[in-house]
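Trainee: Mind looking over this structure? Questions follow.
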Amino acid sequence: MRPDHRAHRLYVEASLRESADVVLSPEQSHYLDRVMRAKIGDLVIAFNNHDGEWRGHIAETGRKAVTLHLDQAMRPPAPQGRISYFFAPLKQARLDYMVQKAVEMGAARLGAVMTLHTMVSRLNLERMQANAIEAAEQCTMIAVPEVLPEQKLETMLAQRGKDDVLVFCDEAAPMTSPLKALAAIGPDRTISVLVGPEGGFSDAERTLILAQPDVIVLSLGPRILRADTAAVAVMALVQAVCGDLT
């Protein structure tokens with residue numbers, strides 16, 4: 001069943017099943033009742049990672065809570081993708097944009113890595129998760145990406161799985177075809193995309209990264225991209241060759 005883009009679409013943590021009544025959170029209730037001026041009977045699409053996507057309608061409204069009645073399943077749960085996006089934290093507005101775009105482009109996991117030149121030392125993980133959920137709601141996704149706790153670059157590299165391929169976006173890399181480089185990744189491999197801070201990686205960090213197993217060094221062209229722009233560029237390349245755009 002194709003998603004209905006006219007419907008209100010919400011990520012709901014509660015269990016979703018046929019004929020269930022689901023009481024929405026205060027924030028979601030306020031959004032439907034006060035912002036969208038939704039009425040009883042209006043179509044709502046509810047989804048989460050465990051139960052998939054369900055068609056329902058507003059059964060009850062009120063100042064404190066809105067209740068949905070679920071009618072039928074639309075799409076089953078979707079498996080998380082194989083692409084993780086790792087980045088050096090950015091200032092808040094640009095971080096919001098980057099998270100939203102990385103999710104729209106199919107990142108299954110988002111992880112902040114702390115580097116020598118990282119300019120932001122503290123992250124609001126709840127805000128990152130909220131941005132990821134909002135992007136999933138707007139883009140008719142079912143699986144909401146996982147937001148990982150921030151970690152040091154060394155820790156992130158040490159925790160890679162044995163089947164993982166590291167796609168290292170290096171501004172110092174020679175300009176060769178990124179599509180040809182990515183074509184070497186097999187369909188059974190997981191992919192970790194790594195984009196550095198505005199000041200770039202230090203020489204020691206670059207040496208550490210290049211010493212990792214299964215690294216593909218990627219140039220994003222002759223221009224130095226902002227980190228939030230690089231997220232869109234590299235995710236588009238990886239998805240075009242190794243993801244769901246093929």
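Labels for the structure tokens follow display order: chains A, B, ..., residues from 1 in each chain, ligands from 1.
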Applying 9 Å and only C-alpha atoms, which residues near Leu148 (chain A) remain after dropping the ones on its own chain fewer than 4 positions away? List them as a short mmCIF file (atom, residue, chain, number, x, y, z; two decimals) with N, CA and C atoms, in the first residue's frame.
Mentor:
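Dumped to out_30.cif:
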```cif
data_model
loop_
_atom_site.label_atom_id
_atom_site.label_comp_id
_atom_site.auth_asym_id
_atom_site.auth_seq_id
_atom_site.Cartn_x
_atom_site.Cartn_y
_atom_site.Cartn_z
N ARG A 109 22.46 4.84 11.20
CA ARG A 109 23.00 5.21 12.51
C ARG A 109 23.74 6.53 12.36
N LEU A 110 23.67 7.35 13.41
CA LEU A 110 24.35 8.63 13.45
C LEU A 110 25.24 8.67 14.68
N GLY A 111 26.52 8.99 14.48
CA GLY A 111 27.43 9.01 15.61
C GLY A 111 28.38 10.17 15.56
N ALA A 112 28.44 10.93 16.63
CA ALA A 112 29.39 12.05 16.72
C ALA A 112 30.73 11.54 17.25
N LEU A 125 21.76 15.01 22.60
CA LEU A 125 21.37 13.80 21.89
C LEU A 125 19.85 13.70 21.72
#
```
Trainee: Please provide as a count of residues only all residues within 9 Å of Phe87 (chain A), with the sequence filter that same-chain residues fewer than 3 positions apart are discarded (counting only C-alpha atoms).
Mentor: 13
Trainee: Quick one: residues within 7 Å of Asn49 (chain A), only C-alpha atoms, excluding same-chain residues fewer than 5 positions away - as a list of chain:residue names?
Mentor: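 My reading of the contact set: A:Pro77, A:Ile142, A:Ala143, A:Val144.
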Trainee: Restricting the output to C-alpha atoms, write the selected residues as a PDB file, in the first residue's frame.
Mentor:
```
ATOM      1  CA  PRO A  77       8.777  -3.087   9.842  1.00  0.00           C
ATOM      2  CA  ILE A 142       9.597   3.464   8.707  1.00  0.00           C
ATOM      3  CA  ALA A 143      12.905   2.726  10.438  1.00  0.00           C
ATOM      4  CA  VAL A 144      14.126   5.671  12.518  1.00  0.00           C
TER       5      VAL A 144
END
```
Trainee: Apply DSSP to the backbone of this structure and, from region 106-213 of chain A, keep only the residues in strand (DSSP E or B); write these as a ChimeraX atom specification.
Mentor: /A:109-114,146-152,164-169,190-195
Trainee: Based on DSSP run over this structure's backbone, return all residues of region 22-123 of chain A in alpha helix (DSSP H), as a ChimeraX atom specification.
Mentor: /A:26-30,92-104
Trainee: Filtering to N, CA and C atoms, could you give me those residues as a CSV table (one decimal), in the first residue's frame?
Mentor:
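Contents of the output file again.csv:
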```csv
chain,number,residue,atom,x,y,z
A,26,PRO,N,2.0,14.3,25.0
A,26,PRO,CA,1.5,15.7,25.1
A,26,PRO,C,2.0,16.6,23.9
A,27,GLU,N,3.3,16.4,23.5
A,27,GLU,CA,3.8,17.2,22.4
A,27,GLU,C,3.1,16.9,21.1
A,28,GLN,N,2.9,15.6,20.8
A,28,GLN,CA,2.2,15.2,19.6
A,28,GLN,C,0.7,15.6,19.6
A,29,SER,N,0.1,15.5,20.8
A,29,SER,CA,-1.3,15.9,20.9
A,29,SER,C,-1.4,17.4,20.7
A,30,HIS,N,-0.5,18.2,21.2
A,30,HIS,CA,-0.5,19.7,21.0
A,30,HIS,C,-0.3,20.0,19.5
A,92,GLN,N,24.8,24.2,16.6
A,92,GLN,CA,23.5,23.6,16.6
A,92,GLN,C,22.7,23.7,15.4
A,93,ALA,N,22.6,24.9,14.8
A,93,ALA,CA,21.7,25.0,13.6
A,93,ALA,C,22.2,24.1,12.4
A,94,ARG,N,23.5,24.1,12.2
A,94,ARG,CA,24.1,23.3,11.1
A,94,ARG,C,24.0,21.8,11.5
A,95,LEU,N,24.1,21.5,12.8
A,95,LEU,CA,24.0,20.1,13.2
A,95,LEU,C,22.6,19.6,12.9
A,96,ASP,N,21.6,20.5,13.2
A,96,ASP,CA,20.2,20.1,13.0
A,96,ASP,C,20.0,19.8,11.5
A,97,TYR,N,20.5,20.6,10.6
A,97,TYR,CA,20.4,20.4,9.2
A,97,TYR,C,21.1,19.1,8.8
A,98,MET,N,22.3,18.9,9.3
A,98,MET,CA,23.1,17.8,8.9
A,98,MET,C,22.4,16.5,9.3
A,99,VAL,N,21.9,16.4,10.5
A,99,VAL,CA,21.2,15.2,11.0
A,99,VAL,C,20.0,14.9,10.1
A,100,GLN,N,19.2,16.0,9.8
A,100,GLN,CA,18.0,15.8,9.0
A,100,GLN,C,18.4,15.3,7.6
A,101,LYS,N,19.4,15.8,7.0
A,101,LYS,CA,19.8,15.4,5.6
A,101,LYS,C,20.4,14.1,5.6
A,102,ALA,N,21.2,13.7,6.6
A,102,ALA,CA,21.8,12.4,6.6
A,102,ALA,C,20.7,11.3,6.8
A,103,VAL,N,19.7,11.6,7.6
A,103,VAL,CA,18.6,10.7,7.7
A,103,VAL,C,17.8,10.6,6.4
A,104,GLU,N,17.5,11.7,5.8
A,104,GLU,CA,16.8,11.7,4.5
A,104,GLU,C,17.5,10.9,3.4
```
Trainee: Pick out the residues sitting within 12 Å of His50 (chain A), and hand them over as an MDAnalysis selection string; count only C-alpha atoms, and ignore anything fewer than 5 positions along from it in its own chain.
Mentor: chainID A and resid 11:17 75:80 142:144
Trainee: Give me the residues near Thr155 (chain A) as an mmCIF file with N, CA and C atoms, in the first residue's frame, where near means some atom within 12 Å (using only C-alpha atoms) and where sequence neighbours in that chain fewer than 2 positions away do not count.
Mentor:
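Output file out.cif is given in full below:
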```cif
data_model
loop_
_atom_site.group_PDB
_atom_site.id
_atom_site.type_symbol
_atom_site.label_atom_id
_atom_site.label_comp_id
_atom_site.auth_asym_id
_atom_site.auth_seq_id
_atom_site.Cartn_x
_atom_site.Cartn_y
_atom_site.Cartn_z
ATOM 1 N N GLY A 111 26.519 8.990 14.481
ATOM 2 C CA GLY A 111 27.428 9.007 15.607
ATOM 3 C C GLY A 111 28.383 10.171 15.562
ATOM 4 N N ALA A 112 28.443 10.935 16.629
ATOM 5 C CA ALA A 112 29.387 12.051 16.724
ATOM 6 C C ALA A 112 30.728 11.543 17.247
ATOM 7 N N VAL A 113 31.809 11.968 16.602
ATOM 8 C CA VAL A 113 33.151 11.589 17.045
ATOM 9 C C VAL A 113 33.932 12.841 17.419
ATOM 10 N N MET A 114 34.622 12.758 18.534
ATOM 11 C CA MET A 114 35.408 13.886 19.018
ATOM 12 C C MET A 114 36.828 13.790 18.475
ATOM 13 N N THR A 115 37.273 14.854 17.838
ATOM 14 C CA THR A 115 38.602 14.894 17.236
ATOM 15 C C THR A 115 39.391 16.080 17.804
ATOM 16 N N PRO A 149 25.745 7.557 21.274
ATOM 17 C CA PRO A 149 26.419 8.523 22.153
ATOM 18 C C PRO A 149 27.719 9.001 21.511
ATOM 19 N N GLU A 150 28.093 10.243 21.816
ATOM 20 C CA GLU A 150 29.350 10.741 21.261
ATOM 21 C C GLU A 150 30.522 9.930 21.817
ATOM 22 N N GLN A 151 31.571 9.806 21.015
ATOM 23 C CA GLN A 151 32.730 9.019 21.409
ATOM 24 C C GLN A 151 33.981 9.586 20.752
ATOM 25 N N LYS A 152 35.096 9.222 21.291
ATOM 26 C CA LYS A 152 36.355 9.643 20.696
ATOM 27 C C LYS A 152 36.569 8.924 19.369
ATOM 28 N N LEU A 153 37.303 9.565 18.473
ATOM 29 C CA LEU A 153 37.597 8.958 17.174
ATOM 30 C C LEU A 153 38.246 7.596 17.352
ATOM 31 N N LEU A 157 36.792 3.954 15.866
ATOM 32 C CA LEU A 157 37.561 3.104 14.958
ATOM 33 C C LEU A 157 37.777 1.707 15.557
ATOM 34 N N ALA A 158 38.001 1.656 16.863
ATOM 35 C CA ALA A 158 38.276 0.372 17.514
ATOM 36 C C ALA A 158 37.035 -0.514 17.565
ATOM 37 N N GLN A 159 35.849 0.080 17.498
ATOM 38 C CA GLN A 159 34.611 -0.685 17.620
ATOM 39 C C GLN A 159 34.021 -1.117 16.281
ATOM 40 N N ARG A 160 34.696 -0.862 15.193
ATOM 41 C CA ARG A 160 34.198 -1.300 13.894
ATOM 42 C C ARG A 160 34.126 -2.827 13.819
ATOM 43 N N LEU A 208 46.188 7.489 11.757
ATOM 44 C CA LEU A 208 45.441 6.445 12.438
ATOM 45 C C LEU A 208 44.326 5.893 11.556
ATOM 46 N N ILE A 209 43.622 6.773 10.884
ATOM 47 C CA ILE A 209 42.513 6.348 10.019
ATOM 48 C C ILE A 209 43.037 5.512 8.853
#
```
Trainee: For each of A:Asp163, A:Glu146, A:Glu137, A:Asp228, take the minimum atom-to-atom distance to Asp214 (chain A), counting only C-alpha atoms, then give the residue where this is smallest.
Mentor: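 Nearest candidate to Asp214 (chain A) out of A:Asp163, A:Glu146, A:Glu137, A:Asp228: A:Asp163.
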Trainee: Identify, on the basis of only C-alpha atoms, every residue whose closest approach to Ala59 (chain A) does not exceed 7 Å; exclude the query and any residue fewer than 4 positions from it along the same chain; express the result as a VMD selection string.
Mentor: chain A and resid 40 to 41 67 to 69
